[in-house]
>>> print(open('query.cif').read())   # mmCIF, C-alpha atoms
data_coords
#
loop_
_atom_site.label_atom_id
_atom_site.label_comp_id
_atom_site.auth_asym_id
_atom_site.auth_seq_id
_atom_site.Cartn_x
_atom_site.Cartn_y
_atom_site.Cartn_z
CA MET S 1297 -27.35 -24.38 -9.32
CA ALA S 1298 -30.53 -23.93 -11.33
CA ALA S 1299 -32.76 -23.37 -8.33
CA PRO S 1300 -30.67 -20.62 -6.67
CA MET S 1301 -30.17 -18.76 -9.95
CA SER S 1302 -33.88 -18.87 -10.73
CA ALA S 1303 -34.67 -17.60 -7.23
CA VAL S 1304 -32.21 -14.75 -7.67
CA THR S 1305 -33.72 -13.89 -11.06
CA SER S 1306 -37.24 -13.83 -9.64
CA CYS S 1307 -36.15 -11.65 -6.69
CA ARG S 1308 -34.45 -9.22 -9.04
CA ARG S 1309 -37.50 -9.05 -11.27
CA LEU S 1310 -39.68 -8.42 -8.24
CA LEU S 1311 -37.45 -5.56 -7.07
CA VAL S 1312 -37.50 -4.03 -10.56
CA ARG S 1313 -41.26 -4.46 -10.68
CA PHE S 1314 -41.70 -2.60 -7.37
CA SER S 1315 -39.51 0.19 -8.72
CA SER S 1316 -41.57 0.40 -11.91
CA VAL S 1317 -44.79 0.54 -9.90
CA LEU S 1318 -43.62 3.49 -7.84
CA ARG S 1319 -42.23 5.26 -10.89
CA ASP S 1320 -45.51 4.91 -12.79
CA GLY S 1321 -47.85 5.66 -9.87
CA CYS S 1322 -49.27 9.01 -8.91
CA THR S 1323 -48.53 10.74 -5.64
CA ASN S 1324 -52.07 12.18 -5.22
CA GLY S 1325 -53.59 9.00 -3.83
CA GLN S 1326 -54.51 7.45 -7.22
CA LEU S 1327 -54.15 3.76 -7.85
CA PHE S 1328 -50.89 2.42 -9.24
CA LYS S 1329 -50.88 0.81 -12.63
CA LEU S 1330 -48.75 -2.20 -13.45
CA ASN S 1331 -47.60 -1.06 -16.88
CA ARG S 1332 -44.91 -3.15 -18.51
CA LYS S 1333 -42.21 -0.71 -19.46
CA GLN S 1334 -38.53 -1.05 -20.12
CA PRO S 1335 -37.16 -2.34 -16.80
CA HIS S 1336 -34.64 -0.07 -15.10
CA ARG S 1337 -31.34 -1.71 -14.25
CA CYS S 1338 -30.71 -2.24 -10.55
CA LEU S 1339 -27.57 -3.11 -8.64
CA SER S 1340 -28.84 -6.55 -7.68
CA PHE S 1341 -26.06 -8.95 -8.53
CA SER S 1342 -25.62 -12.67 -8.39
CA VAL S 1343 -22.36 -14.57 -8.09
CA ALA S 1344 -22.19 -15.17 -11.84
CA ARG S 1345 -22.75 -11.45 -12.53
CA GLN S 1346 -19.93 -10.46 -10.19
CA ARG S 1347 -17.59 -12.98 -11.81
CA GLN S 1348 -18.39 -11.47 -15.20
CA GLN S 1349 -17.60 -7.99 -13.88
CA VAL S 1350 -14.28 -9.15 -12.40
CA LYS S 1351 -13.39 -10.87 -15.66
CA ALA S 1352 -14.25 -7.74 -17.63
CA THR S 1353 -12.10 -5.63 -15.30
CA SER S 1354 -9.04 -7.79 -15.82
CA SER S 1355 -9.30 -7.59 -19.61
CA LEU S 1356 -7.45 -4.94 -21.59
CA SER S 1357 -10.53 -2.90 -22.44
CA ASP S 1358 -11.41 0.68 -21.60
CA LYS S 1359 -15.18 0.02 -21.42
CA PRO S 1360 -15.79 -1.41 -17.90
CA TYR S 1361 -15.59 0.82 -14.84
CA THR S 1362 -15.15 4.07 -16.68
CA GLN S 1363 -16.11 7.32 -15.01
CA GLU S 1364 -19.31 7.57 -17.05
CA PHE S 1365 -20.25 4.02 -16.09
CA LEU S 1366 -19.74 4.70 -12.37
CA GLN S 1367 -21.77 7.91 -12.58
CA GLU S 1368 -24.58 6.01 -14.25
CA MET S 1369 -24.49 3.34 -11.53
CA GLU S 1370 -24.52 6.04 -8.85
CA GLY S 1371 -27.66 7.56 -10.35
CA GLU S 1372 -29.38 4.18 -10.52
CA TYR S 1373 -28.46 3.41 -6.92
CA GLU S 1374 -29.84 6.75 -5.73
CA LEU S 1375 -33.07 6.18 -7.64
CA GLY S 1376 -33.49 2.69 -6.19
CA ARG S 1377 -32.80 3.93 -2.68
CA ARG S 1378 -35.50 6.61 -2.95
CA HIS S 1379 -37.98 4.03 -4.29
CA LEU S 1380 -37.30 1.77 -1.32
CA ALA S 1381 -37.75 4.68 1.09
CA ASN S 1382 -41.12 5.50 -0.48
CA MET S 1383 -42.24 1.87 -0.27
CA MET S 1384 -41.30 1.72 3.42
CA GLY S 1385 -43.01 5.06 4.12
CA GLN S 1386 -39.83 6.83 5.24
CA ASP S 1387 -38.06 10.02 4.29
CA PRO S 1388 -35.64 9.43 1.38
CA GLY S 1389 -33.31 12.11 2.71
CA THR S 1390 -32.64 10.19 5.94
CA PHE S 1391 -32.86 6.67 4.47
CA THR S 1392 -29.46 5.13 5.26
CA GLN S 1393 -27.74 2.04 3.87
CA GLU S 1394 -28.79 0.03 6.94
CA ASP S 1395 -32.40 0.98 6.19
CA VAL S 1396 -31.87 -0.24 2.62
CA HIS S 1397 -30.70 -3.66 3.86
CA ARG S 1398 -33.65 -3.96 6.22
CA ALA S 1399 -36.12 -2.93 3.52
CA ILE S 1400 -34.78 -5.52 1.05
CA SER S 1401 -34.86 -8.23 3.72
CA TYR S 1402 -38.48 -7.32 4.49
CA LEU S 1403 -39.74 -6.93 0.92
CA LEU S 1404 -37.68 -9.71 -0.67
CA PRO S 1405 -37.02 -12.38 1.97
CA SER S 1406 -34.50 -14.92 0.71
CA GLY S 1407 -33.41 -18.23 2.18
CA LEU S 1408 -30.36 -18.63 -0.03
CA HIS S 1409 -27.29 -19.73 1.88
CA ASP S 1410 -24.79 -17.67 -0.11
CA THR S 1411 -25.18 -14.00 0.79
CA LEU S 1412 -23.83 -12.94 -2.61
CA ALA S 1413 -26.75 -14.72 -4.29
CA ARG S 1414 -29.36 -12.74 -2.34
CA PRO S 1415 -30.86 -9.52 -3.73
CA MET S 1416 -28.87 -6.46 -2.70
CA LEU S 1417 -28.70 -2.73 -3.31
CA LYS S 1418 -25.35 -1.18 -2.49
CA PRO S 1419 -23.41 1.93 -3.58
CA PRO S 1420 -21.21 1.48 -6.65
CA GLU S 1421 -18.01 1.94 -4.62
CA ASP S 1422 -18.95 -1.18 -2.61
CA ILE S 1423 -19.78 -3.26 -5.69
CA PHE S 1424 -17.01 -2.26 -8.08
CA PRO S 1425 -13.46 -2.52 -6.67
CA LYS S 1426 -10.93 0.24 -7.10
CA GLN S 1427 -8.82 -0.15 -10.22
CA LYS S 1428 -6.05 1.64 -11.97
CA ALA S 1429 -6.69 4.47 -14.37
CA LEU S 1430 -6.45 3.69 -18.05
CA GLN S 1431 -2.81 3.28 -19.04
CA TRP S 1432 -3.23 3.52 -22.81
CA GLY S 1433 -5.05 5.59 -25.38
CA LYS S 1434 -7.44 4.65 -28.14
CA ASP S 1435 -4.52 3.92 -30.46
CA GLY S 1436 -3.22 1.29 -28.03
CA ARG S 1437 -0.10 3.21 -27.03
CA PRO S 1438 0.64 3.50 -23.28
CA PHE S 1439 0.70 6.95 -21.69
CA ASN S 1440 3.60 6.17 -19.32
CA PHE S 1441 7.05 5.17 -20.55
CA LEU S 1442 7.24 2.71 -17.60
CA PHE S 1443 4.14 0.80 -18.67
CA TYR S 1444 6.02 -2.27 -19.91
CA THR S 1445 7.88 -2.70 -16.61
CA GLY S 1446 4.72 -4.26 -15.18
CA ARG S 1447 4.78 -1.89 -12.19
CA ALA S 1448 4.43 1.55 -13.71
CA ASN S 1449 3.08 3.21 -10.56
CA TYR S 1450 5.81 1.72 -8.36
CA TYR S 1451 8.68 2.80 -10.59
CA SER S 1452 7.10 6.23 -11.07
CA LEU S 1453 7.07 6.59 -7.29
CA MET S 1454 10.71 5.49 -7.09
CA HIS S 1455 11.63 8.09 -9.72
CA GLU S 1456 9.80 10.77 -7.70
CA ALA S 1457 11.53 9.72 -4.47
CA ALA S 1458 14.94 9.78 -6.18
CA LYS S 1459 14.19 13.27 -7.46
CA VAL S 1460 13.31 14.42 -3.94
CA LEU S 1461 16.58 12.97 -2.60
CA SER S 1462 18.55 14.68 -5.37
CA GLU S 1463 16.97 18.04 -4.59
CA LEU S 1464 17.76 17.66 -0.87
CA ASN S 1465 21.38 16.80 -1.65
CA LYS S 1466 21.68 19.86 -3.91
CA TYR S 1467 20.27 22.07 -1.16
CA GLU S 1468 22.71 20.58 1.34
CA ASP S 1469 25.63 21.32 -1.01
CA LYS S 1470 24.35 24.85 -1.43
CA MET S 1471 24.24 25.39 2.34
CA MET S 1472 27.73 23.90 2.76
CA ALA S 1473 29.00 26.36 0.15
CA LYS S 1474 27.63 29.14 2.34
CA GLY S 1475 29.52 27.79 5.35
CA VAL S 1476 26.72 25.90 7.12
CA LEU S 1477 28.34 22.51 7.69
CA LEU S 1478 25.96 21.03 10.28
CA PRO S 1479 22.54 22.68 10.62
CA GLU S 1480 20.68 22.69 13.91
CA PRO S 1481 18.22 19.78 14.08
CA GLU S 1482 14.62 20.92 13.78
CA PRO S 1483 12.01 19.23 16.01
CA TRP S 1484 9.88 16.85 14.00
CA PRO S 1485 7.60 14.93 16.42
CA GLU S 1486 5.26 13.72 13.66
CA PHE S 1487 8.07 11.72 12.06
CA HIS S 1488 9.43 10.21 15.27
CA ARG S 1489 5.96 9.08 16.38
CA SER S 1490 5.28 7.21 13.14
CA VAL S 1491 6.55 4.26 11.10
CA TRP S 1492 6.59 3.37 7.42
CA ILE S 1493 3.40 1.88 6.02
CA ASP S 1494 3.45 -1.85 5.38
CA ARG S 1495 3.50 -3.63 2.05
CA VAL S 1496 -0.25 -4.25 2.01
CA ALA S 1497 -0.93 -0.53 2.35
CA MET S 1498 1.56 0.12 -0.44
CA ASP S 1499 -0.33 -2.29 -2.70
CA LYS S 1500 -3.58 -0.44 -2.08
CA MET S 1501 -1.96 2.96 -2.61
CA LEU S 1502 -0.31 1.97 -5.87
CA THR S 1503 -3.11 -0.40 -7.02
CA GLU S 1504 -0.28 -2.79 -7.88
CA ASN S 1505 1.09 -5.92 -6.24
CA ILE S 1506 4.71 -5.52 -5.15
CA ASP S 1507 6.88 -8.16 -3.51
CA ASP S 1508 9.07 -7.86 -0.42
CA HIS S 1509 12.18 -7.04 -2.46
CA HIS S 1510 10.60 -3.98 -4.08
CA TYR S 1511 9.12 -2.88 -0.76
CA ARG S 1512 12.54 -3.04 0.93
CA ARG S 1513 14.07 -0.99 -1.89
CA PHE S 1514 11.41 1.67 -1.41
CA VAL S 1515 11.91 1.78 2.38
CA GLU S 1516 15.70 2.06 1.95
CA LEU S 1517 15.24 5.00 -0.41
CA MET S 1518 12.83 6.72 1.99
CA GLU S 1519 15.25 6.14 4.88
CA ALA S 1520 17.98 7.82 2.85
CA ILE S 1521 15.68 10.81 2.35
CA SER S 1522 14.78 11.00 6.04
CA ARG S 1523 18.46 10.89 7.09
CA ASN S 1524 19.18 14.06 5.16
CA PRO S 1525 19.65 17.00 7.58
CA TYR S 1526 17.14 19.02 5.55
CA ALA S 1527 14.57 16.23 5.19
CA LYS S 1528 11.85 18.35 6.80
CA ARG S 1529 11.70 20.44 3.62
CA SER S 1530 10.05 17.39 1.98
CA ALA S 1531 7.80 16.59 4.94
CA ASP S 1532 4.64 16.45 2.82
CA PHE S 1533 6.13 13.77 0.58
CA ILE S 1534 7.62 11.71 3.43
CA MET S 1535 4.55 11.72 5.69
CA LYS S 1536 2.37 10.28 2.93
CA PHE S 1537 4.11 6.96 3.55
CA ARG S 1538 4.12 7.07 7.37
CA LYS S 1539 1.42 5.95 9.78
CA GLU S 1540 1.13 7.49 13.21
CA LEU S 1541 1.43 5.44 16.39
CA VAL S 1542 0.59 8.08 18.99
CA ALA S 1543 -3.04 6.97 19.16
CA VAL S 1544 -1.95 3.70 20.77
CA SER S 1545 -0.53 5.45 23.83
CA MET S 1546 -3.72 7.45 24.28
CA LYS S 1547 -5.46 4.25 25.36
CA GLN S 1548 -3.29 4.11 28.50
CA GLN S 1549 -5.50 5.28 31.33
CA VAL S 1550 -3.75 7.63 33.76
CA LEU S 1551 -5.57 7.92 37.08
CA PRO S 1552 -5.28 11.03 39.30
CA LEU S 1553 -3.04 10.86 42.35
CA LEU S 1554 -4.41 9.97 45.77
CA TYR S 1555 -3.33 11.63 49.05
CA ASP S 1556 -3.23 10.23 52.58
CA GLU S 1557 -3.91 12.08 55.82
CA ASN S 1558 -0.35 13.46 55.83
CA GLY S 1559 -0.69 14.90 52.31
CA VAL S 1560 1.67 12.36 50.75
CA ALA S 1561 0.74 11.34 47.20
CA TYR S 1562 0.31 7.65 46.45
CA MET S 1563 -1.17 5.44 43.76
CA GLU S 1564 -2.53 1.90 43.76
CA SER S 1565 -2.44 -0.48 40.83
CA ASP S 1566 -2.46 -4.17 39.98
CA GLY S 1567 -0.49 -6.42 37.66
CA ARG S 1568 -0.63 -9.89 36.15
CA ARG S 1569 1.89 -12.37 34.81
CA LYS S 1570 1.01 -15.97 34.02
CA SER S 1571 -1.16 -17.05 36.98
CA ALA S 1572 0.38 -14.54 39.43
CA ARG S 1573 -1.60 -11.53 40.68
CA ALA S 1574 -0.12 -8.48 42.42
CA LYS S 1575 -1.50 -5.38 44.11
CA VAL S 1576 1.00 -2.52 44.33
CA THR S 1577 0.94 0.74 46.31
CA LEU S 1578 3.47 3.39 45.29
CA ARG S 1579 4.12 6.22 47.81
CA ASP S 1580 5.94 9.44 47.02
CA ARG S 1581 8.61 11.04 49.26
CA GLY S 1582 10.01 7.63 50.12
CA THR S 1583 13.45 6.15 50.65
CA GLY S 1584 13.32 3.45 47.97
CA GLU S 1585 12.15 0.67 50.29
CA VAL S 1586 10.36 -2.25 48.62
CA VAL S 1587 8.23 -4.60 50.73
CA VAL S 1588 6.63 -7.73 49.26
CA ASN S 1589 4.10 -9.62 51.41
CA GLY S 1590 5.58 -8.04 54.54
CA LEU S 1591 9.17 -9.03 53.69
CA PRO S 1592 11.98 -6.93 52.20
CA LEU S 1593 12.72 -7.40 48.52
CA SER S 1594 15.95 -9.34 49.06
CA GLY S 1595 14.26 -11.59 51.60
CA TYR S 1596 11.33 -12.54 49.39
CA PHE S 1597 13.09 -12.84 46.01
CA ARG S 1598 16.41 -14.67 46.31
CA ASN S 1599 17.08 -14.54 42.56
CA VAL S 1600 18.92 -11.40 41.40
CA GLN S 1601 17.11 -11.35 38.05
CA ASP S 1602 13.71 -11.16 39.75
CA ARG S 1603 14.83 -8.20 41.87
CA GLU S 1604 16.21 -6.43 38.81
CA GLN S 1605 12.90 -6.93 37.00
CA ILE S 1606 11.01 -5.28 39.86
CA MET S 1607 13.35 -2.27 40.09
CA PHE S 1608 13.67 -1.74 36.33
CA PRO S 1609 10.63 0.59 35.84
CA MET S 1610 11.88 3.09 38.43
CA GLU S 1611 15.41 2.84 37.05
CA PHE S 1612 14.12 3.44 33.52
CA VAL S 1613 12.51 6.79 34.46
CA ASP S 1614 15.36 7.73 36.83
CA ARG S 1615 13.21 7.60 39.98
CA LEU S 1616 15.25 5.22 42.14
CA GLY S 1617 15.02 6.12 45.83
CA GLN S 1618 12.02 8.41 45.39
CA PHE S 1619 9.18 5.95 46.06
CA ASP S 1620 8.30 3.33 48.63
CA VAL S 1621 6.68 0.19 47.23
CA GLU S 1622 4.26 -2.06 49.09
CA ALA S 1623 3.25 -5.14 47.12
CA THR S 1624 0.94 -8.03 47.87
CA VAL S 1625 1.39 -10.94 45.49
CA TYR S 1626 -0.18 -14.39 45.40
CA TRP S 1627 -0.32 -17.45 43.16
CA GLY S 1628 2.27 -18.40 40.57
CA GLY S 1629 6.02 -18.82 40.90
CA THR S 1630 8.75 -16.31 41.60
CA THR S 1631 9.23 -15.33 37.93
CA GLY S 1632 5.52 -14.74 37.40
CA GLN S 1633 5.20 -12.82 40.68
CA ALA S 1634 8.15 -10.58 39.77
CA GLY S 1635 6.57 -9.83 36.37
CA ALA S 1636 3.22 -9.03 37.99
CA ILE S 1637 4.84 -6.61 40.48
CA ARG S 1638 6.81 -4.93 37.67
CA LEU S 1639 3.64 -4.31 35.65
CA GLY S 1640 1.86 -2.94 38.73
CA ILE S 1641 4.74 -0.54 39.50
CA SER S 1642 4.83 0.63 35.86
CA ARG S 1643 1.10 1.38 35.85
CA ALA S 1644 1.28 3.21 39.18
CA LEU S 1645 4.24 5.28 37.98
CA CYS S 1646 2.16 6.76 35.13
CA SER S 1647 0.35 9.04 37.60
CA PHE S 1648 3.68 10.64 38.59
CA LEU S 1649 5.16 11.04 35.08
CA THR S 1650 4.74 13.33 32.09
CA GLU S 1651 3.23 12.27 28.78
CA THR S 1652 6.66 11.95 27.16
CA GLU S 1653 7.89 9.64 29.91
CA ILE S 1654 4.73 7.54 29.67
CA GLU S 1655 5.23 7.22 25.93
CA ASN S 1656 8.84 6.12 26.45
CA MET S 1657 7.68 3.50 28.95
CA ARG S 1658 5.11 2.22 26.49
CA LEU S 1659 7.72 1.95 23.73
CA ALA S 1660 9.96 0.02 26.12
CA GLY S 1661 7.14 -2.47 26.75
CA LEU S 1662 6.72 -1.69 30.43
CA LEU S 1663 2.99 -0.94 30.15
CA THR S 1664 2.10 -4.03 28.12
CA GLN S 1665 0.98 -7.17 29.89
CA ASP S 1666 2.98 -10.27 28.99
CA ILE S 1667 0.35 -12.79 27.90
CA ARG S 1668 2.76 -15.69 27.34
CA ARG S 1669 1.99 -18.95 29.12
CA LYS S 1670 3.72 -22.27 29.52
CA GLU S 1671 2.80 -24.53 26.64
CA ARG S 1672 0.98 -27.69 27.68
CA LYS S 1673 2.44 -31.17 27.39
CA LYS S 1674 1.25 -33.11 24.36
CA PRO S 1675 0.08 -36.73 24.52
CA GLY S 1676 2.62 -39.09 23.04
CA GLN S 1677 5.47 -36.65 23.69
CA LYS S 1678 7.89 -36.20 26.53
CA LYS S 1679 7.18 -32.46 26.96
CA ALA S 1680 5.44 -29.67 25.07
CA ARG S 1681 7.82 -29.92 22.10
CA LYS S 1682 10.31 -32.63 23.02
CA LYS S 1683 9.73 -36.10 21.62
CA PHE S 1684 10.61 -39.48 23.01
CA GLN S 1685 13.78 -41.09 21.73
CA TRP S 1686 13.05 -43.09 18.59
CA ASN S 1687 14.81 -46.31 17.75
CA LYS S 1688 14.54 -47.96 14.39
CA ARG S 1689 14.52 -51.43 15.92
#
>>> encode(input="query.cif", output="structure tokens")
Amino acid sequence: MAAPMSAVTSCRRLLVRFSSVLRDGCTNGQLFKLNRKQPHRCLSFSVARQRQQVKATSSLSDKPYTQEFLQEMEGEYELGRRHLANMMGQDPGTFTQEDVHRAISYLLPSGLHDTLARPMLKPPEDIFPKQKALQWGKDGRPFNFLFYTGRANYYSLMHEAAKVLSELNKYEDKMMAKGVLLPEPEPWPEFHRSVWIDRVAMDKMLTENIDDHHYRRFVELMEAISRNPYAKRSADFIMKFRKELVAVSMKQQVLPLLYDENGVAYMESDGRRKSARAKVTLRDRGTGEVVVNGLPLSGYFRNVQDREQIMFPMEFVDRLGQFDVEATVYWGGTTGQAGAIRLGISRALCSFLTETEIENMRLAGLLTQDIRRKERKKPGQKKARKKFQWNKR
């Protein structure tokens, strides 16, 4: 460990020396002077330095990571970045973080295996992790009465959520006293197109580690708030803990309709399931006829479940009897071929449907390819999971 630490120390001294040279030099073309002044601290950390910072953060002291400390580190980072830009002959105003990495790699090449041991210059928010605000004063007394619970932020949030639920219940009682027993439901698409954030996101939001039991208690309380008929009055509070899922459906590509010589709209698509491949043509103004490889549906698929799988997309959107289906399928077995045709029909149907219907199909799983495969047989076993019979003697 002595050699890597000495290399890191020399690289850090060299970076500080370059910074001192540019700070002491003149900008009018005069020669730079290597004056030994008080070296300016730089955000060039080794592994041992980072461990010291993490250890200092976990201690009950108000000195590390204070606002003044972070502001000081921000000023030093900005000064070092401008020095590197001047050394590389570039404009400091447009010198990005990627340019900083390239400049350090060029000026201070390092062959150390551990990237944390190499010289670096990063913003303070990348070096110092986010931590909780100070929970106690100079006299050692905590600010929050929930400090000794161990999860002050979590229980403060639970108190706030309970207060919101109590206010909604009071408002509901007030409206019932006025004679409004069941209010008309207000449209709230933002809530219905979102889900509750997961436990990991809760940990980051609260800067506390909570277990599954506490997370379930929080979700149950939020569900009770959302079931209130006047829950939209607290929409700002509820949506802070919801993540939107609409962006997933935007990835579904909807192709424009095609028209034949008779002006009839049709759409072509393909589908996959296991090793089966299918090409599907969906024609509007049809009679509901389904032809697979030149044969009727009942003649090609003898199993009722396979036929139901193929007809399910059109039944789901209430379009039975409106389209004619021509499918060409090859490879795989009957179950895989039926799944491939179903996916092809679902994709072709998107060109005839509205955005709401497409979203409902996506939520039902009709637009997602089934990537499951048969698990291979293992050596020394009878099948993929089944073992041979074992006898003691």
>>> atom_distance(input="query.cif", atom1="CA of Ser1530 in chain S", atom2="CA of Val1496 in chain S")
24.0 Å
>>> residues_around(input="query.cif", residues="range 1516-1526 of chain S", least_positions_apart="6", cutoff="9 Å", atoms="all atoms listed in the file", output="ChimeraX atom specification")
/S:1454,1457-1458,1460-1461,1464-1465,1467-1468,1478-1482,1492,1534,1537
>>> residues_around(input="query.cif", residues="Ala1572 in chain S", least_positions_apart="6", cutoff="7 Å", atoms="all atoms listed in the file", output="PyMOL selection string")
chain S and resi 1626-1628+1632-1633+1636
>>> residues_around(input="query.cif", residues="Glu1504 in chain S", least_positions_apart="6", cutoff="8 Å", atoms="only C-alpha atoms", output="list in words")
Arg1447, Asn1449 and Tyr1450 of chain S
>>> residues_around(input="query.cif", residues="Met1610 in chain S", least_positions_apart="2", cutoff="12 Å", atoms="all atoms listed in the file", output="ChimeraX atom specification")
/S:1578,1584,1586,1604-1608,1612-1621,1638-1646,1648-1649,1653,1657,1662
>>> atom_distance(input="query.cif", atom1="CA of Trp1484 in chain S", atom2="CA of Lys1528 in chain S")
7.6 Å
>>> atom_distance(input="query.cif", atom1="CA of Leu1593 in chain S", atom2="CA of Tyr1555 in chain S")
24.9 Å
>>> resolve_selection(input="query.cif", expression="the PyMOL selection byres ((chain S and resi 1490) around 9)", output="PyMOL selection string")
chain S and resi 1485-1489+1491-1492+1535+1538-1542
>>> closest_residue(input="query.cif", among="S:Arg1568, S:Glu1370, S:Gly1590, S:Ile1423", to="Arg1668 in chain S", atoms="all atoms listed in the file")
S:Arg1568
>>> build_atoms(input="query.cif", residues="range 1630-1646 of chain S", atoms="N, CA and C atoms", output="JSON list (two decimals), in the coordinates of the input")
[["chain", "number", "residue", "atom", "x", "y", "z"],
["S", 1630, "THR", "N", 8.00, -17.55, 41.34],
["S", 1630, "THR", "CA", 8.75, -16.31, 41.60],
["S", 1630, "THR", "C", 8.90, -15.46, 40.33],
["S", 1631, "THR", "N", 9.11, -16.10, 39.18],
["S", 1631, "THR", "CA", 9.23, -15.33, 37.93],
["S", 1631, "THR", "C", 7.93, -14.64, 37.58],
["S", 1632, "GLY", "N", 6.81, -15.35, 37.69],
["S", 1632, "GLY", "CA", 5.52, -14.74, 37.40],
["S", 1632, "GLY", "C", 5.17, -13.65, 38.39],
["S", 1633, "GLN", "N", 5.49, -13.84, 39.67],
["S", 1633, "GLN", "CA", 5.20, -12.82, 40.68],
["S", 1633, "GLN", "C", 6.05, -11.56, 40.44],
["S", 1634, "ALA", "N", 7.31, -11.74, 40.06],
["S", 1634, "ALA", "CA", 8.15, -10.58, 39.77],
["S", 1634, "ALA", "C", 7.61, -9.81, 38.57],
["S", 1635, "GLY", "N", 7.15, -10.51, 37.52],
["S", 1635, "GLY", "CA", 6.57, -9.83, 36.37],
["S", 1635, "GLY", "C", 5.28, -9.11, 36.70],
["S", 1636, "ALA", "N", 4.46, -9.68, 37.59],
["S", 1636, "ALA", "CA", 3.22, -9.03, 37.99],
["S", 1636, "ALA", "C", 3.50, -7.75, 38.79],
["S", 1637, "ILE", "N", 4.49, -7.80, 39.69],
["S", 1637, "ILE", "CA", 4.84, -6.61, 40.48],
["S", 1637, "ILE", "C", 5.41, -5.53, 39.56],
["S", 1638, "ARG", "N", 6.23, -5.92, 38.59],
["S", 1638, "ARG", "CA", 6.81, -4.93, 37.67],
["S", 1638, "ARG", "C", 5.73, -4.21, 36.88],
["S", 1639, "LEU", "N", 4.72, -4.95, 36.39],
["S", 1639, "LEU", "CA", 3.64, -4.31, 35.65],
["S", 1639, "LEU", "C", 2.83, -3.39, 36.55],
["S", 1640, "GLY", "N", 2.58, -3.81, 37.80],
["S", 1640, "GLY", "CA", 1.86, -2.94, 38.73],
["S", 1640, "GLY", "C", 2.61, -1.66, 39.04],
["S", 1641, "ILE", "N", 3.94, -1.75, 39.24],
["S", 1641, "ILE", "CA", 4.74, -0.54, 39.50],
["S", 1641, "ILE", "C", 4.72, 0.38, 38.28],
["S", 1642, "SER", "N", 4.82, -0.20, 37.08],
["S", 1642, "SER", "CA", 4.83, 0.63, 35.86],
["S", 1642, "SER", "C", 3.51, 1.38, 35.70],
["S", 1643, "ARG", "N", 2.40, 0.71, 35.96],
["S", 1643, "ARG", "CA", 1.10, 1.38, 35.85],
["S", 1643, "ARG", "C", 0.93, 2.45, 36.91],
["S", 1644, "ALA", "N", 1.39, 2.20, 38.13],
["S", 1644, "ALA", "CA", 1.28, 3.21, 39.18],
["S", 1644, "ALA", "C", 2.18, 4.41, 38.91],
["S", 1645, "LEU", "N", 3.33, 4.18, 38.27],
["S", 1645, "LEU", "CA", 4.24, 5.28, 37.98],
["S", 1645, "LEU", "C", 3.65, 6.29, 36.99],
["S", 1646, "CYS", "N", 2.71, 5.86, 36.15],
["S", 1646, "CYS", "CA", 2.16, 6.76, 35.13],
["S", 1646, "CYS", "C", 1.51, 7.99, 35.75]]
